[in-house]
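One structure below.
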Amino acid sequence: MARFGFRMGRNGAHASRTMMLEEIQTLLDALPANATKADYVAGVVDANLLGKGTAKARELTAKHLVELYGLDENLCLFRVFRRLWQQDAPAQPVLALTLALARDPLLRLSRPLMLAKRPGEPLDRREVEDVLDQAEPGRFSGASLKSFAQNINGSWTQAGFLHGRARKVRALPAVTPTNLAFDDPLKARLLKLIYLIGKLPTEAVADTGVRATGDTLADLLMVDLPAGSADLRKRIPDLLHDLQEKAGLVMGITTPHGVEYRLQTRESSAWQDEYRHQESELKSSMTRIEQERSDLFRKQALDSLRQVRLSQGKEARDLSASFDAELPKDHAERVVAWIQDGWQADEKSFLAEARAVGNSDPSLFVYLPARNKTDLANAIVAMKAAKASCFNAVPRSLFGALYSQAKQPRFHTSAQP
């Protein structure tokens with residue numbers, strides 16, 4: 001394991017430092033990608049690229065950086081890390097943490113505790129101290145445990161998993177596909193496949209029928225044909241859940257084909273935030289939803305009545321609609337469709353009035369019962385929120401254009417209350 005770049009043992013750089021994100025960023029930006037370990041050490045100690053005040057501080061910094069990151073192209077982990085580093089700047093904080101976890105036993109002890117915390121959940125420093133103490137009871141003094149825990153929390157904060165100064169709270173870091181490529185090859189393959197499926201045409205003439213659903217993704221990722229995809233079908237749902245809920249890299253969209261997955265880019269995240277904002281605004285104003293429901297009902301009723309043709313013998317008769325709270329006074333003189341719904345009118349009262357007019361009255365009585373009120377209101381909210389957020393802006397980047405294509409199913413699905 002050591003020749004690949006992993007470090008085992010009992011000690012780690014977090015006994016005295018954090019993962020030194022600012023220092024590693026400065027050092028890697030200053031030296032070429034093909035720099036050797038000697039070049040990195042010389043850059044810190046001799047050239048003082050990190051601006052340390054004393055020779056001792058420079059030597060200690062170089063020592064800790066080597067412990068945390070290896071800084072050696074002969075180590076597989078650092079070699080891959082270095083290549084990914086220069087390709088994706090937003091991925092750098094989590095990349096640095098991932099490599100530090102592979103090389104620092106002290107930091108690694110905190111991983112289960114940190115990942116078990118849900119976003120928004122507080123983290124007390126003493127929880128980290130307890131984890132360290134339980135690993136080797138009595139080995140460290142109380143002061144040492146406090147110092148180690150502060151350094152460890154500092155690294156998780158630099159990577160974006162925590163925020164706050166005195167009071168630490170679990171947060172969602174900025175994770176990109178680059179981070180998954182370094183941390184989990186299967187998740188990386190899954191993201192690539194979702195991207196490729198998203199590029200397939202869906203127009204009626206050219207539609208391949210391939211959709212990025214969980215089962216389809218499992219079947220396409222299969223490499224052992226005799227074994228089949230049963231094992232992958234068990235694993236893929238959990239991986240997709242992690243990619244959506246924890247990493248924020250994909251989003252599941254309900255379509256007629258099932259839940260399809262699309263890549264979640266920075267642009268799509270902004271669209272999603274706007275969608276949730278619009279949704280929240282609408283839910284706080286149910287008067288708007290009631291008016292929208294009434295308008296949709298009225299439009300559908302009028303569209304249906306336009307298709308009706310009435311005649312008395314050879315004489316055509318006009319059919320008019322009325323949505324007033326009371327039956328029009330001239331209802332006996334013309335053919336009127338009096339249309340009411342269960343949201344505004346009581347069904348028993350409506351039926352009583354229909355019976356009261358008698359068989360000789362030409363009026364038509366149309367009543368829509370109030371069923372599935374909550375589902376209908378939610379569908380209207382989803383439709384209006386999707387329309388407001390998805391079509392009020394024009395994508396100006398490649399990722400924005402990709403998401404603009406990916407979001408279409410959400411609107412078309414929402415637009416069918």
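Following the order of the structure tokens, first chain is A, next is B, and so on, with residues numbered from 1 inside each chain and ligands from 1 in the order they appear.
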
#### Entry: Residue neighbourhood region 146-156 of chain A, 10 Å, only C-alpha atoms, exclusion window fewer than 5 positions, as a ChimeraX atom specification
/A:12-21,93-94,96-97,100,106-111,114,123-132,140-141,161-163,165,168,170-171,173

Could you save those same residues with C-alpha atoms as a PDB file, in the first residue's frame?
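In the end it all went to selection_30.pdb:
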```
ATOM      1  CA  GLY A  12      -0.025  11.919  11.353  1.00  0.00           C
ATOM      2  CA  ALA A  13       0.492  15.546  10.422  1.00  0.00           C
ATOM      3  CA  HIS A  14      -2.746  16.519  12.175  1.00  0.00           C
ATOM      4  CA  ALA A  15      -0.932  16.159  15.470  1.00  0.00           C
ATOM      5  CA  SER A  16       0.413  19.651  14.736  1.00  0.00           C
ATOM      6  CA  ARG A  17      -1.220  21.034  11.554  1.00  0.00           C
ATOM      7  CA  THR A  18      -4.363  21.059   9.465  1.00  0.00           C
ATOM      8  CA  MET A  19      -4.218  19.748   5.901  1.00  0.00           C
ATOM      9  CA  MET A  20      -2.720  23.151   4.927  1.00  0.00           C
ATOM     10  CA  LEU A  21      -4.985  23.763   1.943  1.00  0.00           C
ATOM     11  CA  PRO A  93     -10.445  21.380  -1.436  1.00  0.00           C
ATOM     12  CA  VAL A  94     -12.088  17.935  -1.493  1.00  0.00           C
ATOM     13  CA  ALA A  96      -6.756  17.661  -0.884  1.00  0.00           C
ATOM     14  CA  LEU A  97      -8.881  16.178   1.891  1.00  0.00           C
ATOM     15  CA  ALA A 100      -4.874  13.619   3.273  1.00  0.00           C
ATOM     16  CA  LEU A 106      -5.309  10.636  12.787  1.00  0.00           C
ATOM     17  CA  LEU A 107      -7.495  12.405  10.235  1.00  0.00           C
ATOM     18  CA  ARG A 108      -8.767   9.053   8.987  1.00  0.00           C
ATOM     19  CA  LEU A 109     -10.149   8.202  12.448  1.00  0.00           C
ATOM     20  CA  SER A 110     -12.590  11.126  12.181  1.00  0.00           C
ATOM     21  CA  ARG A 111     -14.059  10.098   8.822  1.00  0.00           C
ATOM     22  CA  MET A 114     -17.969  13.311  10.056  1.00  0.00           C
ATOM     23  CA  LEU A 123     -20.370  18.930  15.693  1.00  0.00           C
ATOM     24  CA  ASP A 124     -18.817  19.367  19.099  1.00  0.00           C
ATOM     25  CA  ARG A 125     -15.014  19.254  19.271  1.00  0.00           C
ATOM     26  CA  ARG A 126     -15.267  16.788  22.128  1.00  0.00           C
ATOM     27  CA  GLU A 127     -16.928  14.268  19.804  1.00  0.00           C
ATOM     28  CA  VAL A 128     -13.712  14.186  17.766  1.00  0.00           C
ATOM     29  CA  GLU A 129     -11.648  13.966  20.958  1.00  0.00           C
ATOM     30  CA  ASP A 130     -13.701  10.942  22.053  1.00  0.00           C
ATOM     31  CA  VAL A 131     -13.115   9.209  18.699  1.00  0.00           C
ATOM     32  CA  LEU A 132      -9.354   9.725  18.989  1.00  0.00           C
ATOM     33  CA  PHE A 140      -2.970  11.218  24.482  1.00  0.00           C
ATOM     34  CA  SER A 141      -3.359  13.886  27.142  1.00  0.00           C
ATOM     35  CA  PHE A 161     -17.719  19.676   5.158  1.00  0.00           C
ATOM     36  CA  LEU A 162     -18.024  22.003   8.175  1.00  0.00           C
ATOM     37  CA  HIS A 163     -18.688  25.689   8.603  1.00  0.00           C
ATOM     38  CA  ARG A 165     -15.783  29.172  13.833  1.00  0.00           C
ATOM     39  CA  LYS A 168     -19.039  23.829  13.866  1.00  0.00           C
ATOM     40  CA  ARG A 170     -22.035  19.955   9.123  1.00  0.00           C
ATOM     41  CA  ALA A 171     -22.275  21.383   5.610  1.00  0.00           C
ATOM     42  CA  PRO A 173     -19.008  20.609   0.278  1.00  0.00           C
TER      43      PRO A 173
END
```

### Task
Would you please give, as a ChimeraX atom specification, all residues of region 145-226 of chain A that DSSP assigns to alpha helix (DSSP H) based on the backbone?
/A:145-158,177-183,185-198,214-221

Can I get the selected residues back with N, CA and C atoms, as a CSV table (one decimal), in the first residue's frame?
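Heads up, here's the output in out-v7.csv:
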```csv
chain,number,residue,atom,x,y,z
A,145,LEU,N,-5.4,15.9,22.8
A,145,LEU,CA,-6.7,15.6,22.1
A,145,LEU,C,-7.4,16.8,21.6
A,146,LYS,N,-7.4,17.9,22.5
A,146,LYS,CA,-8.0,19.1,22.1
A,146,LYS,C,-7.4,19.7,20.8
A,147,SER,N,-6.0,19.7,20.9
A,147,SER,CA,-5.3,20.3,19.7
A,147,SER,C,-5.5,19.5,18.5
A,148,PHE,N,-5.4,18.1,18.6
A,148,PHE,CA,-5.6,17.3,17.4
A,148,PHE,C,-7.0,17.5,16.8
A,149,ALA,N,-8.0,17.6,17.7
A,149,ALA,CA,-9.4,17.7,17.3
A,149,ALA,C,-9.6,19.1,16.5
A,150,GLN,N,-9.0,20.1,17.0
A,150,GLN,CA,-9.0,21.4,16.4
A,150,GLN,C,-8.4,21.4,15.0
A,151,ASN,N,-7.3,20.7,14.9
A,151,ASN,CA,-6.6,20.6,13.5
A,151,ASN,C,-7.5,19.8,12.6
A,152,ILE,N,-8.1,18.7,13.1
A,152,ILE,CA,-8.9,17.8,12.3
A,152,ILE,C,-10.2,18.6,11.8
A,153,ASN,N,-10.8,19.3,12.7
A,153,ASN,CA,-12.0,20.1,12.4
A,153,ASN,C,-11.6,21.2,11.4
A,154,GLY,N,-10.4,21.7,11.5
A,154,GLY,CA,-10.0,22.7,10.6
A,154,GLY,C,-9.9,22.2,9.2
A,155,SER,N,-9.4,21.0,9.0
A,155,SER,CA,-9.3,20.4,7.7
A,155,SER,C,-10.6,20.1,7.1
A,156,TRP,N,-11.5,19.6,7.8
A,156,TRP,CA,-12.9,19.3,7.3
A,156,TRP,C,-13.6,20.6,7.0
A,157,THR,N,-13.2,21.7,7.7
A,157,THR,CA,-13.8,23.0,7.4
A,157,THR,C,-13.2,23.6,6.1
A,158,GLN,N,-11.9,23.4,5.9
A,158,GLN,CA,-11.3,23.9,4.7
A,158,GLN,C,-11.8,23.1,3.4
A,177,PRO,N,-17.4,16.1,-10.4
A,177,PRO,CA,-17.1,14.8,-10.9
A,177,PRO,C,-15.6,14.4,-10.8
A,178,THR,N,-14.7,15.4,-10.8
A,178,THR,CA,-13.3,15.1,-10.6
A,178,THR,C,-13.0,14.4,-9.2
A,179,ASN,N,-13.7,14.9,-8.2
A,179,ASN,CA,-13.6,14.3,-6.9
A,179,ASN,C,-14.0,12.8,-6.9
A,180,LEU,N,-15.1,12.5,-7.6
A,180,LEU,CA,-15.5,11.1,-7.7
A,180,LEU,C,-14.5,10.3,-8.4
A,181,ALA,N,-13.9,10.8,-9.5
A,181,ALA,CA,-12.9,10.1,-10.3
A,181,ALA,C,-11.7,9.7,-9.4
A,182,PHE,N,-11.4,10.5,-8.4
A,182,PHE,CA,-10.3,10.2,-7.5
A,182,PHE,C,-10.7,9.3,-6.4
A,183,ASP,N,-11.9,9.4,-5.9
A,183,ASP,CA,-12.4,8.7,-4.7
A,183,ASP,C,-13.1,7.4,-5.0
A,185,PRO,N,-14.1,4.9,-8.4
A,185,PRO,CA,-14.1,4.7,-9.8
A,185,PRO,C,-15.5,4.3,-10.3
A,186,LEU,N,-16.3,3.5,-9.5
A,186,LEU,CA,-17.6,3.1,-10.0
A,186,LEU,C,-18.5,4.3,-10.1
A,187,LYS,N,-18.5,5.2,-9.1
A,187,LYS,CA,-19.3,6.4,-9.2
A,187,LYS,C,-18.8,7.3,-10.4
A,188,ALA,N,-17.5,7.3,-10.7
A,188,ALA,CA,-17.1,8.1,-11.8
A,188,ALA,C,-17.6,7.5,-13.1
A,189,ARG,N,-17.6,6.1,-13.2
A,189,ARG,CA,-18.2,5.5,-14.4
A,189,ARG,C,-19.7,5.8,-14.6
A,190,LEU,N,-20.3,5.8,-13.4
A,190,LEU,CA,-21.8,6.1,-13.4
A,190,LEU,C,-22.0,7.5,-13.9
A,191,LEU,N,-21.3,8.5,-13.5
A,191,LEU,CA,-21.4,9.8,-13.9
A,191,LEU,C,-21.2,10.0,-15.4
A,192,LYS,N,-20.1,9.3,-15.9
A,192,LYS,CA,-19.8,9.3,-17.3
A,192,LYS,C,-21.0,8.8,-18.2
A,193,LEU,N,-21.5,7.7,-17.7
A,193,LEU,CA,-22.6,7.0,-18.4
A,193,LEU,C,-23.9,7.9,-18.4
A,194,ILE,N,-24.2,8.5,-17.3
A,194,ILE,CA,-25.3,9.4,-17.2
A,194,ILE,C,-25.1,10.6,-18.2
A,195,TYR,N,-23.9,11.1,-18.3
A,195,TYR,CA,-23.6,12.2,-19.2
A,195,TYR,C,-23.8,11.7,-20.7
A,196,LEU,N,-23.3,10.5,-21.0
A,196,LEU,CA,-23.4,10.0,-22.4
A,196,LEU,C,-24.9,9.8,-22.8
A,197,ILE,N,-25.6,9.2,-21.9
A,197,ILE,CA,-27.1,8.9,-22.2
A,197,ILE,C,-27.8,10.3,-22.4
A,198,GLY,N,-27.4,11.3,-21.6
A,198,GLY,CA,-28.0,12.6,-21.8
A,198,GLY,C,-27.8,13.2,-23.1
A,214,GLY,N,-32.2,3.6,-13.0
A,214,GLY,CA,-31.3,2.8,-12.3
A,214,GLY,C,-31.0,1.5,-12.9
A,215,ASP,N,-32.0,0.8,-13.4
A,215,ASP,CA,-31.8,-0.6,-14.0
A,215,ASP,C,-31.0,-0.5,-15.2
A,216,THR,N,-31.3,0.5,-16.1
A,216,THR,CA,-30.6,0.6,-17.3
A,216,THR,C,-29.1,0.9,-17.1
A,217,LEU,N,-28.8,1.8,-16.1
A,217,LEU,CA,-27.4,2.1,-15.8
A,217,LEU,C,-26.7,0.9,-15.3
A,218,ALA,N,-27.4,0.1,-14.5
A,218,ALA,CA,-26.7,-1.1,-14.0
A,218,ALA,C,-26.4,-2.1,-15.1
A,219,ASP,N,-27.4,-2.2,-16.0
A,219,ASP,CA,-27.1,-3.2,-17.2
A,219,ASP,C,-26.0,-2.7,-18.1
A,220,LEU,N,-25.9,-1.4,-18.3
A,220,LEU,CA,-24.9,-0.9,-19.2
A,220,LEU,C,-23.5,-0.8,-18.5
A,221,LEU,N,-23.5,-0.8,-17.2
A,221,LEU,CA,-22.2,-0.8,-16.5
A,221,LEU,C,-21.6,-2.3,-16.3
```

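Of the residues listed (A:Arg235, A:Glu121, A:Lys63, A:Arg139), A:Glu121 shows the shortest atom-to-atom separation from Gly164 (chain A); distances use only C-alpha atoms.
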
#### Entry: strand (DSSP E or B) positions in region 231-289 of chain A, given as a list in words
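In region 231-289 of chain A, DSSP puts these residues in strand (DSSP E or B): Val250, Met251, Gly252, Ile253, Thr254, Thr255, Gly258, Val259, Glu260, Tyr261, Arg262 and Leu263 of chain A.
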
Selected residues written out, C-alpha atoms, as a short mmCIF file (atom, residue, chain, number, x, y, z; two decimals), in the first residue's frame:
```
data_model
loop_
_atom_site.label_atom_id
_atom_site.label_comp_id
_atom_site.auth_asym_id
_atom_site.auth_seq_id
_atom_site.Cartn_x
_atom_site.Cartn_y
_atom_site.Cartn_z
CA VAL A 250 -27.01 14.23 -10.17
CA MET A 251 -30.73 14.84 -9.94
CA GLY A 252 -33.54 12.33 -10.32
CA ILE A 253 -36.48 13.42 -12.47
CA THR A 254 -39.77 11.51 -12.56
CA THR A 255 -40.79 10.85 -16.17
CA GLY A 258 -39.50 6.11 -14.43
CA VAL A 259 -36.93 8.11 -12.45
CA GLU A 260 -34.26 9.31 -14.88
CA TYR A 261 -30.97 10.83 -13.76
CA ARG A 262 -29.27 13.94 -15.12
CA LEU A 263 -25.96 15.55 -14.23
#
```

#### Entry: Nearby residues (only C-alpha atoms) at most 7 Å from region 340-356 of chain A, same-chain spacing under 3 positions excluded, as a VMD selection string
chain A and resid 323 365 to 370

Selection above as a file: C-alpha atoms, as an mmCIF file, in the first residue's frame:
```cif
data_model
loop_
_atom_site.group_PDB
_atom_site.id
_atom_site.type_symbol
_atom_site.label_atom_id
_atom_site.label_comp_id
_atom_site.auth_asym_id
_atom_site.auth_seq_id
_atom_site.Cartn_x
_atom_site.Cartn_y
_atom_site.Cartn_z
ATOM 1 C CA PHE A 323 -69.461 30.160 -13.944
ATOM 2 C CA PHE A 365 -75.926 21.530 -14.796
ATOM 3 C CA VAL A 366 -72.224 20.610 -14.620
ATOM 4 C CA TYR A 367 -70.546 19.878 -11.298
ATOM 5 C CA LEU A 368 -66.903 18.930 -10.666
ATOM 6 C CA PRO A 369 -66.445 17.265 -7.251
ATOM 7 C CA ALA A 370 -63.503 18.438 -5.155
#
```

### Task
Kindly give the distance, in Å, that separates CA of Ala38 (chain A) and CA of Leu95 (chain A), rounded to a single decimal.
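CA of Leu95 (chain A) lies at a distance of 22.4 Å from CA of Ala38 (chain A).
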
### Distance query Arg334 (chain A) at most 12 Å, only C-alpha atoms, self and fewer than 4 positions along chain excluded, as a PyMOL selection string
chain A and resi 310+317-322+328-330+338+360-364

Could those residues be written to a file, using C-alpha atoms, as an mmCIF file, in the first residue's frame?
```
data_model
loop_
_atom_site.group_PDB
_atom_site.id
_atom_site.type_symbol
_atom_site.label_atom_id
_atom_site.label_comp_id
_atom_site.auth_asym_id
_atom_site.auth_seq_id
_atom_site.Cartn_x
_atom_site.Cartn_y
_atom_site.Cartn_z
ATOM 1 C CA LEU A 310 -76.568 21.571 -30.472
ATOM 2 C CA ARG A 317 -78.788 26.290 -30.898
ATOM 3 C CA ASP A 318 -76.122 28.260 -29.091
ATOM 4 C CA LEU A 319 -74.637 26.816 -25.921
ATOM 5 C CA SER A 320 -73.186 29.336 -23.487
ATOM 6 C CA ALA A 321 -71.298 28.746 -20.260
ATOM 7 C CA SER A 322 -71.819 30.418 -16.911
ATOM 8 C CA PRO A 328 -78.444 33.114 -14.715
ATOM 9 C CA LYS A 329 -81.894 34.690 -14.462
ATOM 10 C CA ASP A 330 -82.617 34.157 -18.173
ATOM 11 C CA TRP A 338 -74.066 26.293 -15.440
ATOM 12 C CA SER A 360 -88.732 21.770 -19.074
ATOM 13 C CA ASP A 361 -85.725 24.007 -18.361
ATOM 14 C CA PRO A 362 -83.037 23.766 -21.104
ATOM 15 C CA SER A 363 -80.168 24.465 -18.694
ATOM 16 C CA LEU A 364 -77.288 22.020 -18.292
#
```

### Query
So how many Å separate CA of Lys246 (chain A) and CA of Ala379 (chain A), to one decimal?
26.7 Å

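Here the question is which of A:Lys384, A:Glu245, A:Gln312, A:Ser144 gets nearest to Arg118 (chain A) using only C-alpha atoms, and that residue is A:Glu245.
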
### Query
Quick one: residues within 7 Å of region 45-62 of chain A, only C-alpha atoms counted, chain neighbours fewer than 4 positions away excluded, as a list in words?
Glu23, Thr26, Leu27, Val41 and Val66 of chain A
